[in-house]
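This is coords37.cif (mmCIF, C-alpha atoms).
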```cif
data_model
#
loop_
_atom_site.label_atom_id
_atom_site.label_comp_id
_atom_site.auth_asym_id
_atom_site.auth_seq_id
_atom_site.Cartn_x
_atom_site.Cartn_y
_atom_site.Cartn_z
CA MET A 1 17.53 -1.97 -40.33
CA ALA A 2 18.24 -5.49 -41.57
CA PRO A 3 18.10 -5.64 -45.39
CA LEU A 4 15.19 -8.12 -45.45
CA HIS A 5 13.10 -5.98 -43.09
CA ARG A 6 14.02 -2.91 -45.10
CA ALA A 7 12.81 -4.60 -48.30
CA LEU A 8 9.48 -5.55 -46.74
CA LEU A 9 8.86 -2.02 -45.47
CA SER A 10 10.09 -0.20 -48.58
CA ARG A 11 6.59 0.53 -49.87
CA GLU A 12 6.57 4.20 -50.88
CA ALA A 13 2.99 4.84 -49.74
CA LEU A 14 3.84 3.55 -46.27
CA ILE A 15 6.99 5.66 -45.95
CA ARG A 16 5.33 8.75 -47.41
CA ALA A 17 2.47 8.56 -44.89
CA ALA A 18 4.94 8.62 -41.96
CA GLY A 19 2.30 7.56 -39.47
CA GLY A 20 -0.49 9.42 -41.25
CA THR A 21 -3.07 7.94 -43.57
CA VAL A 22 -1.76 5.53 -46.20
CA ALA A 23 -3.42 5.94 -49.58
CA PHE A 24 -4.96 2.66 -50.76
CA GLY A 25 -7.51 1.44 -53.27
CA PRO A 26 -10.63 -0.75 -53.09
CA ALA A 27 -8.71 -4.05 -53.29
CA GLU A 28 -6.55 -3.16 -50.31
CA LYS A 29 -9.62 -1.89 -48.47
CA ARG A 30 -11.18 -5.37 -48.79
CA LEU A 31 -7.89 -6.95 -47.73
CA ARG A 32 -7.77 -4.79 -44.60
CA ARG A 33 -11.30 -5.81 -43.61
CA ILE A 34 -10.41 -9.49 -43.94
CA LEU A 35 -7.17 -9.10 -41.98
CA SER A 36 -8.92 -7.20 -39.20
CA LEU A 37 -11.18 -10.25 -38.71
CA THR A 38 -8.71 -13.09 -39.29
CA GLY A 39 -5.41 -11.72 -37.91
CA ARG A 40 -2.17 -13.52 -38.64
CA GLY A 41 -3.90 -16.73 -39.69
CA GLY A 42 -5.69 -14.84 -42.43
CA MET A 43 -2.45 -13.15 -43.42
CA VAL A 44 -0.74 -16.54 -43.87
CA ALA A 45 -3.64 -18.03 -45.83
CA ILE A 46 -4.04 -15.04 -48.14
CA ASP A 47 -0.33 -14.78 -48.79
CA LEU A 48 -0.05 -18.49 -49.58
CA ILE A 49 -2.83 -18.11 -52.16
CA LEU A 50 -1.05 -15.11 -53.68
CA LEU A 51 2.21 -17.07 -53.70
CA LEU A 52 0.59 -20.03 -55.45
CA ASN A 53 -0.88 -17.73 -58.13
CA ARG A 54 2.52 -16.11 -58.64
CA TYR A 55 4.22 -19.51 -58.92
CA ILE A 56 1.66 -20.84 -61.43
CA ALA A 57 1.93 -17.69 -63.54
CA GLY A 58 5.72 -18.03 -63.56
CA ARG A 59 5.54 -21.65 -64.66
CA LYS A 60 3.18 -20.83 -67.51
CA LEU A 61 5.56 -18.16 -68.77
CA GLU A 62 8.74 -20.17 -68.27
CA GLY A 63 11.15 -20.12 -71.17
CA CYS A 64 14.19 -22.17 -72.14
CA ALA A 65 16.94 -23.00 -69.69
CA ASN A 66 19.34 -20.57 -71.33
CA VAL A 67 20.02 -17.73 -68.91
CA PRO A 68 21.29 -14.43 -70.37
CA ASP A 69 24.55 -12.97 -69.09
CA ALA A 70 22.95 -9.57 -68.37
CA VAL A 71 19.45 -8.45 -67.39
CA PHE A 72 17.91 -4.98 -67.17
CA ILE A 73 14.94 -4.77 -64.79
CA GLY A 74 12.66 -1.79 -65.27
CA ILE A 75 9.12 -0.51 -65.62
CA GLY A 76 9.06 0.48 -69.29
CA ALA A 77 9.64 4.15 -68.52
CA MET A 78 10.34 6.54 -71.39
CA ARG A 79 14.00 7.02 -70.50
CA GLU A 80 14.73 3.29 -70.09
CA SER A 81 15.21 2.61 -73.78
CA GLN A 82 18.06 5.11 -73.77
CA LEU A 83 19.55 3.57 -70.61
CA ARG A 84 19.43 0.12 -72.18
CA GLU A 85 21.11 1.39 -75.34
CA GLU A 86 23.91 2.89 -73.26
CA ILE A 87 24.37 -0.35 -71.31
CA ALA A 88 24.36 -2.33 -74.57
CA GLU A 89 27.07 -0.07 -75.95
CA GLN A 90 29.09 -0.54 -72.75
CA LEU A 91 28.71 -4.34 -72.78
CA GLY A 92 28.83 -4.88 -76.52
CA ARG A 93 25.48 -6.67 -76.33
CA ALA A 94 21.93 -5.87 -75.27
CA PRO A 95 20.83 -6.96 -71.79
CA HIS A 96 17.66 -9.04 -71.51
CA PHE A 97 14.82 -6.69 -70.55
CA ILE A 98 12.49 -7.64 -67.68
CA ASP A 99 9.36 -5.57 -67.10
CA GLN A 100 8.86 -5.89 -63.36
CA ARG A 101 5.28 -4.55 -63.41
CA ARG A 102 3.66 -7.86 -64.29
CA PRO A 103 4.46 -11.58 -64.22
CA ASP A 104 4.66 -11.86 -68.02
CA GLY A 105 7.52 -9.37 -67.89
CA PHE A 106 9.63 -12.34 -66.70
CA ALA A 107 8.57 -14.51 -69.64
CA GLY A 108 11.22 -16.46 -71.48
CA LEU A 109 13.37 -17.14 -68.41
CA PRO A 110 13.46 -20.22 -66.16
CA ALA A 111 10.99 -20.12 -63.26
CA PRO A 112 12.06 -21.10 -59.72
CA GLY A 113 11.13 -24.47 -58.24
CA LEU A 114 8.31 -24.82 -55.74
CA LEU A 115 10.50 -26.01 -52.87
CA GLY A 116 12.81 -23.03 -53.20
CA VAL A 117 9.85 -20.65 -53.35
CA LEU A 118 8.30 -22.16 -50.19
CA ARG A 119 11.62 -22.11 -48.35
CA HIS A 120 12.06 -18.42 -49.04
CA TRP A 121 8.42 -17.71 -48.24
CA THR A 122 8.83 -19.29 -44.79
CA HIS A 123 11.91 -17.16 -44.11
CA VAL A 124 10.31 -13.94 -45.33
CA MET A 125 7.05 -14.55 -43.46
CA ARG A 126 9.01 -15.01 -40.23
CA ALA A 127 10.65 -11.64 -40.86
CA ALA A 128 7.18 -10.15 -41.40
CA PHE A 129 5.97 -11.57 -38.10
CA SER A 130 9.00 -10.12 -36.29
CA ILE A 131 8.08 -6.70 -37.72
CA LEU A 132 4.51 -7.09 -36.48
CA SER A 133 5.71 -8.21 -33.04
CA ALA A 134 7.79 -5.06 -32.50
CA PRO A 135 6.20 -2.44 -34.75
CA ASP A 136 7.73 0.95 -35.35
CA PRO A 137 5.52 3.64 -33.75
CA ASP A 138 5.54 5.51 -37.08
CA PHE A 139 3.62 2.66 -38.72
CA LYS A 140 0.01 1.88 -37.89
CA PRO A 141 -0.80 -1.86 -37.42
CA PRO A 142 -3.44 -2.01 -40.22
CA ASP A 143 -0.96 -0.38 -42.63
CA LEU A 144 1.74 -2.86 -41.66
CA ARG A 145 -0.52 -5.90 -41.98
CA SER A 146 -1.80 -5.06 -45.45
CA THR A 147 1.63 -3.92 -46.68
CA LEU A 148 3.34 -7.10 -45.52
CA THR A 149 0.58 -9.35 -46.87
CA MET A 150 0.97 -7.77 -50.31
CA ARG A 151 4.77 -7.95 -50.28
CA VAL A 152 5.82 -11.21 -48.58
CA HIS A 153 4.82 -13.55 -51.39
CA GLU A 154 6.33 -11.37 -54.14
CA LEU A 155 9.62 -10.91 -52.32
CA ALA A 156 9.85 -14.64 -51.56
CA TYR A 157 9.20 -15.53 -55.20
CA LEU A 158 11.80 -13.04 -56.44
CA LEU A 159 14.39 -14.28 -53.94
CA ALA A 160 13.91 -17.86 -55.16
CA TRP A 161 14.05 -16.69 -58.77
CA PHE A 162 17.27 -14.71 -58.31
CA GLU A 163 18.86 -17.52 -56.30
CA GLU A 164 18.26 -20.06 -59.07
CA LEU A 165 19.27 -17.54 -61.71
CA ARG A 166 22.61 -17.08 -59.94
CA GLU A 167 23.12 -20.83 -59.63
CA ALA A 168 22.58 -21.21 -63.38
CA ARG A 169 24.80 -18.24 -64.26
CA PRO A 170 27.03 -16.94 -61.43
CA ASP A 171 28.52 -14.19 -63.62
CA ILE A 172 25.18 -12.63 -64.63
CA LEU A 173 25.07 -8.83 -64.55
CA VAL A 174 22.02 -7.11 -63.07
CA PHE A 175 20.94 -3.55 -63.90
CA CYS A 176 17.88 -1.87 -62.34
CA SER A 177 16.12 1.39 -63.08
CA THR A 178 14.11 1.40 -59.85
CA ALA A 179 14.63 0.69 -56.15
CA ASP A 180 11.57 -1.58 -55.99
CA LEU A 181 11.20 -5.15 -54.72
CA PRO A 182 13.11 -6.79 -57.62
CA ALA A 183 16.15 -4.60 -56.84
CA HIS A 184 15.92 -5.46 -53.13
CA ALA A 185 15.59 -9.17 -53.98
CA ALA A 186 18.59 -9.10 -56.34
CA CYS A 187 20.75 -7.46 -53.68
CA LEU A 188 19.53 -9.88 -50.99
CA ALA A 189 20.38 -12.79 -53.32
CA GLY A 190 24.00 -11.60 -53.44
CA PHE A 191 24.14 -9.86 -56.81
CA SER A 192 26.19 -6.73 -57.41
CA VAL A 193 23.38 -4.56 -58.75
CA GLU A 194 23.87 -1.37 -60.75
CA TYR A 195 21.20 1.30 -60.33
CA HIS A 196 20.64 3.42 -63.43
CA GLN A 197 18.32 6.24 -62.39
CA HIS A 198 15.56 6.86 -64.95
CA GLY A 199 13.63 9.70 -63.32
CA PHE A 200 13.65 12.13 -60.41
CA LEU A 201 13.90 10.34 -57.08
CA SER A 202 11.01 10.36 -54.65
CA SER A 203 11.86 11.51 -51.13
CA SER A 204 10.13 8.37 -49.81
CA LEU A 205 12.31 5.81 -51.62
CA VAL A 206 14.09 3.14 -49.56
CA PHE A 207 17.20 1.77 -51.27
CA PRO A 208 18.70 -1.72 -51.27
CA GLN A 209 22.44 -2.33 -51.14
CA PHE A 210 23.28 -1.24 -54.67
CA THR A 211 26.98 -1.40 -55.59
CA ARG A 212 26.94 1.35 -58.22
CA MET A 213 24.61 4.17 -59.20
CA VAL A 214 24.48 6.23 -62.36
CA ALA A 215 22.75 9.38 -61.09
CA LEU A 216 20.95 12.08 -63.04
CA THR A 217 22.08 14.89 -60.72
CA THR A 218 24.72 15.43 -58.03
CA VAL A 219 22.02 16.17 -55.43
CA GLU A 220 20.36 12.78 -55.95
CA GLY A 221 23.65 10.88 -56.18
CA GLN A 222 24.83 12.34 -52.88
CA HIS A 223 21.49 11.55 -51.24
CA VAL A 224 21.68 7.85 -52.16
CA ALA A 225 25.40 7.60 -51.31
CA LYS A 226 24.63 8.73 -47.74
CA ARG A 227 22.20 5.82 -47.41
CA ILE A 228 24.33 3.08 -48.97
CA PRO A 229 27.83 2.77 -47.51
CA GLY A 230 30.44 2.05 -50.16
CA LEU A 231 28.18 2.98 -53.07
CA GLN A 232 30.07 4.02 -56.20
CA VAL A 233 28.25 6.99 -57.74
CA THR A 234 28.77 8.16 -61.31
CA LEU A 235 27.05 11.23 -62.66
CA ARG A 236 25.34 10.51 -65.96
CA ALA A 237 27.21 12.15 -68.81
CA HIS A 238 25.19 15.12 -70.01
CA PRO A 239 26.44 16.66 -73.25
CA SER A 240 27.30 20.34 -73.20
CA PRO A 241 24.37 22.03 -74.95
CA VAL A 242 24.97 24.12 -78.02
CA ASP A 243 22.83 27.24 -78.31
CA GLN A 244 20.71 26.51 -81.37
CA ALA A 245 17.42 27.42 -79.73
CA SER A 246 14.55 28.63 -81.87
CA ALA A 247 11.78 30.96 -80.72
CA VAL A 248 9.67 28.12 -79.33
CA LEU A 249 8.20 27.28 -75.94
CA VAL A 250 7.31 23.61 -75.44
CA PHE A 251 4.72 22.24 -73.03
CA ALA A 252 5.44 18.64 -71.96
CA GLY A 253 2.24 17.07 -70.61
CA ASP A 254 1.88 15.41 -67.22
CA ARG A 255 -0.49 12.55 -66.44
CA GLN A 256 -1.87 14.08 -63.22
CA ALA A 257 -2.00 17.79 -64.12
CA ARG A 258 -5.50 19.29 -64.18
CA ASP A 259 -5.22 23.08 -63.83
CA PRO A 260 -5.12 24.88 -67.21
CA ALA A 261 -4.58 28.34 -65.68
CA PRO A 262 -0.74 28.37 -65.68
CA ILE A 263 -0.72 26.91 -69.20
CA THR A 264 -2.95 29.66 -70.54
CA SER A 265 -1.08 32.49 -68.80
CA LEU A 266 2.35 31.21 -69.86
CA THR A 267 1.12 30.80 -73.43
CA ASP A 268 -0.11 34.41 -73.38
CA LYS A 269 3.30 35.59 -72.17
CA ALA A 270 5.15 33.51 -74.77
CA ARG A 271 3.03 34.82 -77.63
CA GLU A 272 3.44 38.44 -76.40
CA ASN A 273 7.20 37.94 -76.70
CA GLY A 274 7.15 36.42 -80.18
CA LEU A 275 7.44 32.74 -79.23
CA ASN A 276 5.51 29.95 -80.89
CA VAL A 277 4.09 27.28 -78.57
CA VAL A 278 4.32 23.53 -79.17
CA VAL A 279 2.27 21.18 -76.97
CA ARG A 280 3.21 17.55 -76.38
CA PRO A 281 0.25 16.12 -74.41
CA HIS A 282 0.78 13.18 -72.09
CA PRO A 283 -0.83 10.08 -73.67
CA ASN A 284 -2.69 9.33 -70.42
CA GLY A 285 -3.28 12.93 -69.35
CA HIS A 286 -6.47 14.99 -69.13
CA ARG A 287 -7.47 16.37 -72.52
CA GLU A 288 -9.37 19.32 -71.04
CA LEU A 289 -6.03 20.63 -69.75
CA TRP A 290 -5.27 21.93 -73.26
CA SER A 291 -8.77 23.06 -74.26
CA GLU A 292 -7.89 26.77 -74.13
CA LEU A 293 -5.06 26.27 -76.64
CA LEU A 294 -6.99 24.39 -79.31
CA ASN A 295 -7.11 26.22 -82.66
CA ARG A 296 -5.15 29.12 -81.22
CA ASP A 297 -2.80 31.05 -83.50
CA GLY A 298 0.86 30.15 -82.95
CA VAL A 299 0.09 26.94 -81.03
CA ILE A 300 0.94 23.51 -82.46
CA PHE A 301 0.16 20.07 -81.02
CA ASP A 302 2.80 17.42 -81.73
CA ALA A 303 3.03 13.98 -80.09
CA GLU A 304 5.22 12.27 -82.69
CA GLY A 305 8.43 10.36 -81.93
CA SER A 306 10.42 10.10 -78.72
CA PHE A 307 10.88 13.14 -76.52
CA GLU A 308 14.53 13.30 -77.54
CA GLU A 309 13.50 13.40 -81.22
CA PHE A 310 10.84 15.97 -80.36
CA LEU A 311 13.45 18.27 -78.76
CA GLN A 312 15.79 17.87 -81.72
CA LYS A 313 12.95 18.73 -84.09
CA TRP A 314 11.77 21.91 -82.35
CA ARG A 315 14.99 23.08 -80.56
CA PRO A 316 12.92 25.03 -77.99
CA ALA A 317 14.26 27.95 -75.98
CA PHE A 318 11.91 27.01 -73.11
CA VAL A 319 10.42 23.72 -71.88
CA ALA A 320 7.50 23.90 -69.46
CA SER A 321 6.16 21.00 -67.39
CA TRP A 322 5.37 20.18 -63.75
CA PHE A 323 8.03 18.07 -62.01
CA SER A 324 8.83 15.60 -64.75
CA THR A 325 12.30 14.63 -65.96
CA THR A 326 11.31 16.34 -69.21
CA LEU A 327 12.48 19.50 -67.42
CA LEU A 328 15.92 17.95 -67.10
CA ASP A 329 15.83 16.78 -70.72
CA GLY A 330 15.00 20.34 -71.76
CA LEU A 331 17.84 21.76 -69.69
CA VAL A 332 20.52 19.48 -71.19
CA SER A 333 19.20 20.25 -74.68
CA GLY A 334 19.86 23.96 -74.10
CA ALA A 335 16.38 25.15 -73.08
CA ILE A 336 15.28 26.99 -69.95
CA PRO A 337 13.02 24.65 -67.96
CA ILE A 338 9.89 26.19 -66.41
CA THR A 339 7.99 24.34 -63.69
CA LEU A 340 4.24 24.88 -63.42
CA SER A 341 3.95 23.12 -60.07
CA ARG A 342 4.04 24.91 -56.73
CA ASP A 343 4.23 21.67 -54.74
CA ASN A 344 7.29 19.62 -55.63
CA SER A 345 7.55 17.85 -52.26
CA ALA A 346 7.04 14.47 -53.94
CA VAL A 347 10.53 14.57 -55.44
CA LEU A 348 13.88 14.79 -53.70
CA LEU A 349 15.53 17.27 -56.05
CA PRO A 350 14.49 20.89 -55.45
CA ILE A 351 12.96 21.65 -58.83
CA ASN A 352 13.97 25.31 -58.53
CA ALA A 353 17.56 24.07 -58.76
CA ILE A 354 17.01 23.14 -62.41
CA ALA A 355 14.02 25.28 -63.45
CA LEU A 356 12.37 28.68 -63.19
CA SER A 357 8.91 28.74 -61.63
CA TRP A 358 5.72 30.00 -63.26
CA PRO A 359 3.93 32.19 -62.27
CA ASP A 360 6.09 32.89 -59.19
CA GLN A 361 9.07 34.02 -61.31
CA GLU A 362 7.07 35.63 -64.08
CA THR A 363 9.35 38.67 -64.32
CA ARG A 364 12.48 36.54 -64.63
CA VAL A 365 10.89 34.28 -67.24
CA GLU A 366 9.86 37.29 -69.31
CA VAL A 367 13.38 38.80 -69.08
CA CYS A 368 14.77 35.52 -70.46
CA MET A 369 12.18 35.57 -73.24
CA ARG A 370 13.20 39.09 -74.27
CA SER A 371 16.99 38.74 -73.95
CA LYS A 372 19.11 35.94 -75.34
CA ASP A 373 22.03 36.97 -73.09
CA GLU A 374 19.83 36.75 -69.99
CA ARG A 375 18.52 33.38 -71.12
CA LEU A 376 22.04 32.01 -71.59
CA ARG A 377 23.14 33.30 -68.16
CA ALA A 378 20.11 31.72 -66.50
CA HIS A 379 20.76 28.45 -68.33
CA ALA A 380 24.41 28.36 -67.20
CA ARG A 381 23.34 28.79 -63.58
CA LEU A 382 20.76 26.00 -63.79
CA MET A 383 23.32 23.64 -65.36
CA GLU A 384 25.47 23.81 -62.20
CA VAL A 385 23.46 21.04 -60.54
CA LEU A 386 24.60 18.61 -63.27
CA ARG A 387 28.32 19.19 -62.75
CA PRO A 388 30.35 16.86 -60.48
#
```

Could you show the structure in this file as structure tokens?
Amino acid sequence: MAPLHRALLSREALIRAAGGTVAFGPAEKRLRRILSLTGRGGMVAIDLILLLNRYIAGRKLEGCANVPDAVFIGIGAMRESQLREEIAEQLGRAPHFIDQRRPDGFAGLPAPGLLGVLRHWTHVMRAAFSILSAPDPDFKPPDLRSTLTMRVHELAYLLAWFEELREARPDILVFCSTADLPAHAACLAGFSVEYHQHGFLSSSLVFPQFTRMVALTTVEGQHVAKRIPGLQVTLRAHPSPVDQASAVLVFAGDRQARDPAPITSLTDKARENGLNVVVRPHPNGHRELWSELLNRDGVIFDAEGSFEEFLQKWRPAFVASWFSTTLLDGLVSGAIPITLSRDNSAVLLPINAIALSWPDQETRVEVCMRSKDERLRAHARLMEVLRP
């Protein structure tokens, strides 16, 4: 598929639905009703209004004309601060951070001119119409119309922004932690974009033409390399863990987790085998998830510091979570990761490649709790996925 069309259709919810029902909220529901009545004319009018709002917001946030020589575009994820530090060490200077989630994340940088924005919008809207004229049978027309309406104006604005950024500073370096619209726009604008993976990859991601990827695991690096011809893949350097584990099992919270049953049963098993339990709740998670562990003997709640500092403080022998990259962090720190999720289809990496499963592998988990030798053997096997 042509890169511009690929960018417009790279919405994860659309790809994940694969012809089924696309998950959408109340705002998109209203948008769909309007588009069903107004057709393409309504799509053009709505998108022009969205484009104007995006342009005005950019102008209000515009900074000085000085363009940095390196930018890091991300979403403020936990791991990104570490990625930016590594890039700063590599470059000898810190890249300018852009939070792609909101317009003010671009504050302090020059905004594109109106003529350039409109020129790109015309080009991108034509590409959207060509998609609607010959739709893929896997995409339903209402899903396509709302998806394109929400994405045309943003992609056009970003294309104009990257184009003018490149004119002002042709040698600028671009680093991205996601494969979202800003990454697609940077690649379409002709930048050589480095992709520094910050979390497990979704199986529904659509990638732009990155030139280099720093992957968390070999499985994910190989997956992206198959989709981007000529991609240079480097496996992120994971230090060899030193066995300094203490008799601690850590729970790393998840924003969406709701079922306390596996938490309670795993805590029971850990306490039976002489392990203390330390809980690090997710700041936006459900508090009732941990209600059974409150005031329980041998259970500590600790949300202080970064997760890296947390691991260094407690040196756990086991780290339990759902399908978060905290499992990977635990593994490289020397712990046995334990996944509490039975449905890991949302992520590309088979979680059982880096973690034991609870309660499905209860016997194996308990053997590792009772025997240091068994725990070390299990850890060595799980570490294989991180080796080139």

Sorted by chain and rising residue number, which residues of segment 38-140 of chain A lie within 12 Å of segment 235-258 of chain A, and what are their closest atom pairs and distances in Å to one decimal, counting all atoms listed in the file, as a Markdown table?
```
| residue | atom | partner | partner_atom | distance |
| --- | --- | --- | --- | --- |
| A:Gln82 | CA | A:Arg236 | CA | 12.0 |
| A:Leu83 | CA | A:Arg236 | CA | 10.2 |
| A:Glu86 | CA | A:Arg236 | CA | 10.6 |
```

Inset, instruction - Pick out the residues sitting within 7 Å of Trp322 of chain A, and hand them over as a list in words; count only C-alpha atoms, and ignore anything fewer than 5 positions along from it in its own chain. - result: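 Counting only C-alpha atoms, the residues come to Asp254, Thr339, Leu340 and Ser341 of chain A.
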
Inset, instruction - Find the residues around segment 50-64 of chain A up to 9 Å (all atoms listed in the file counted), leave out those fewer than 3 positions away in its own chain, and share them as a PyMOL selection string. - result: chain A and resi 45-47+67+103-104+106-114+117-118+121+150+152-154+156-157

Inset, instruction - To one decimal in Å, tell me the separation between atom CA of Val44 of chain A and atom CA of Arg6 of chain A. - result: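 Taking atom CA of Val44 of chain A as the start and atom CA of Arg6 of chain A as the end point, the length is 20.1 Å.
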
Inset, instruction - Kindly resolve the PyMOL selection byres ((chain A and resi 30-42) around 12) on the present coordinates and return the residues as a ChimeraX atom specification. - result: /A:24-29,43-49,125-126,128-130,132-133,141-150

Legend entry - Atomic separation - atom CA of Glu163 of chain A relative to atom CA of Arg102 of chain A, Å: 19.7 Å

Legend entry - Å distance separating atom CA of Pro260 of chain A from atom CA of Leu289 of chain A, one decimal place: 5.0 Å

Legend entry - Residues in the PyMOL selection byres ((chain A and resi 330) around 9), expressed as a PyMOL selection string: chain A and resi 311+316-320+325-329+331-337

Can I get the selection written as a PDB file, in the coordinates of the input, with C-alpha atoms?
```pdb
ATOM      1  CA  LEU A 311      13.450  18.270 -78.760  1.00  0.00           C
ATOM      2  CA  PRO A 316      12.920  25.030 -77.990  1.00  0.00           C
ATOM      3  CA  ALA A 317      14.260  27.950 -75.980  1.00  0.00           C
ATOM      4  CA  PHE A 318      11.910  27.010 -73.110  1.00  0.00           C
ATOM      5  CA  VAL A 319      10.420  23.720 -71.880  1.00  0.00           C
ATOM      6  CA  ALA A 320       7.500  23.900 -69.460  1.00  0.00           C
ATOM      7  CA  THR A 325      12.300  14.630 -65.960  1.00  0.00           C
ATOM      8  CA  THR A 326      11.310  16.340 -69.210  1.00  0.00           C
ATOM      9  CA  LEU A 327      12.480  19.500 -67.420  1.00  0.00           C
ATOM     10  CA  LEU A 328      15.920  17.950 -67.100  1.00  0.00           C
ATOM     11  CA  ASP A 329      15.830  16.780 -70.720  1.00  0.00           C
ATOM     12  CA  LEU A 331      17.840  21.760 -69.690  1.00  0.00           C
ATOM     13  CA  VAL A 332      20.520  19.480 -71.190  1.00  0.00           C
ATOM     14  CA  SER A 333      19.200  20.250 -74.680  1.00  0.00           C
ATOM     15  CA  GLY A 334      19.860  23.960 -74.100  1.00  0.00           C
ATOM     16  CA  ALA A 335      16.380  25.150 -73.080  1.00  0.00           C
ATOM     17  CA  ILE A 336      15.280  26.990 -69.950  1.00  0.00           C
ATOM     18  CA  PRO A 337      13.020  24.650 -67.960  1.00  0.00           C
TER      19      PRO A 337
END
```

Inset, instruction - Tell me, as a PyMOL selection string, which residues lie within 10 Å of Asp297 of chain A, counting all atoms listed in the file; anything in the same chain fewer than 5 positions away does not count. - result: chain A and resi 271+276-277

Legend entry - Residue nearest Glu194 of chain A - candidates A:Leu266, A:His282, A:Phe210, A:His120, atoms counted: all atoms listed in the file: A:Phe210

Legend entry - Target residues per the PyMOL selection byres ((chain A and resi 350) around 12), formatted as a list in words: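 Matching residues under the PyMOL selection byres ((chain A and resi 350) around 12) are Phe200, Leu201, Ser202, Ser203, Thr217, Thr218, Val219, Glu220, Phe323, Thr339, Ser341, Arg342, Asp343, Asn344, Ser345, Ala346, Val347, Leu348, Leu349, Ile351, Asn352, Ala353, Ile354, Ala355, Leu356, Ser357, Leu382 and Val385 of chain A.
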
Legend entry - Best match for closeness to Lys269 of chain A among A:Ser321, A:Thr363, A:Gln232, A:Thr178, counting all atoms listed in the file: A:Thr363

Inset, instruction - Find, counting all atoms listed in the file, the residue in A:Val278, A:Val206, A:Ala160, A:Ile263 that gets nearest to Leu9 of chain A. - result: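 Once distances to Leu9 of chain A are computed over all atoms listed in the file, the minimum belongs to A:Val206.
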
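Distances to Ser306 of chain A were evaluated for A:Arg11, A:His96, A:Arg287, A:Arg79 using only C-alpha atoms, and the minimum falls at A:Arg79.
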
Inset, instruction - Quick one: everything within 8 Å of Leu158 of chain A, counting all atoms listed in the file, minus sequence neighbours fewer than 6 positions away in the same chain. Send it as a PyMOL selection string. - result: chain A and resi 182+185-186
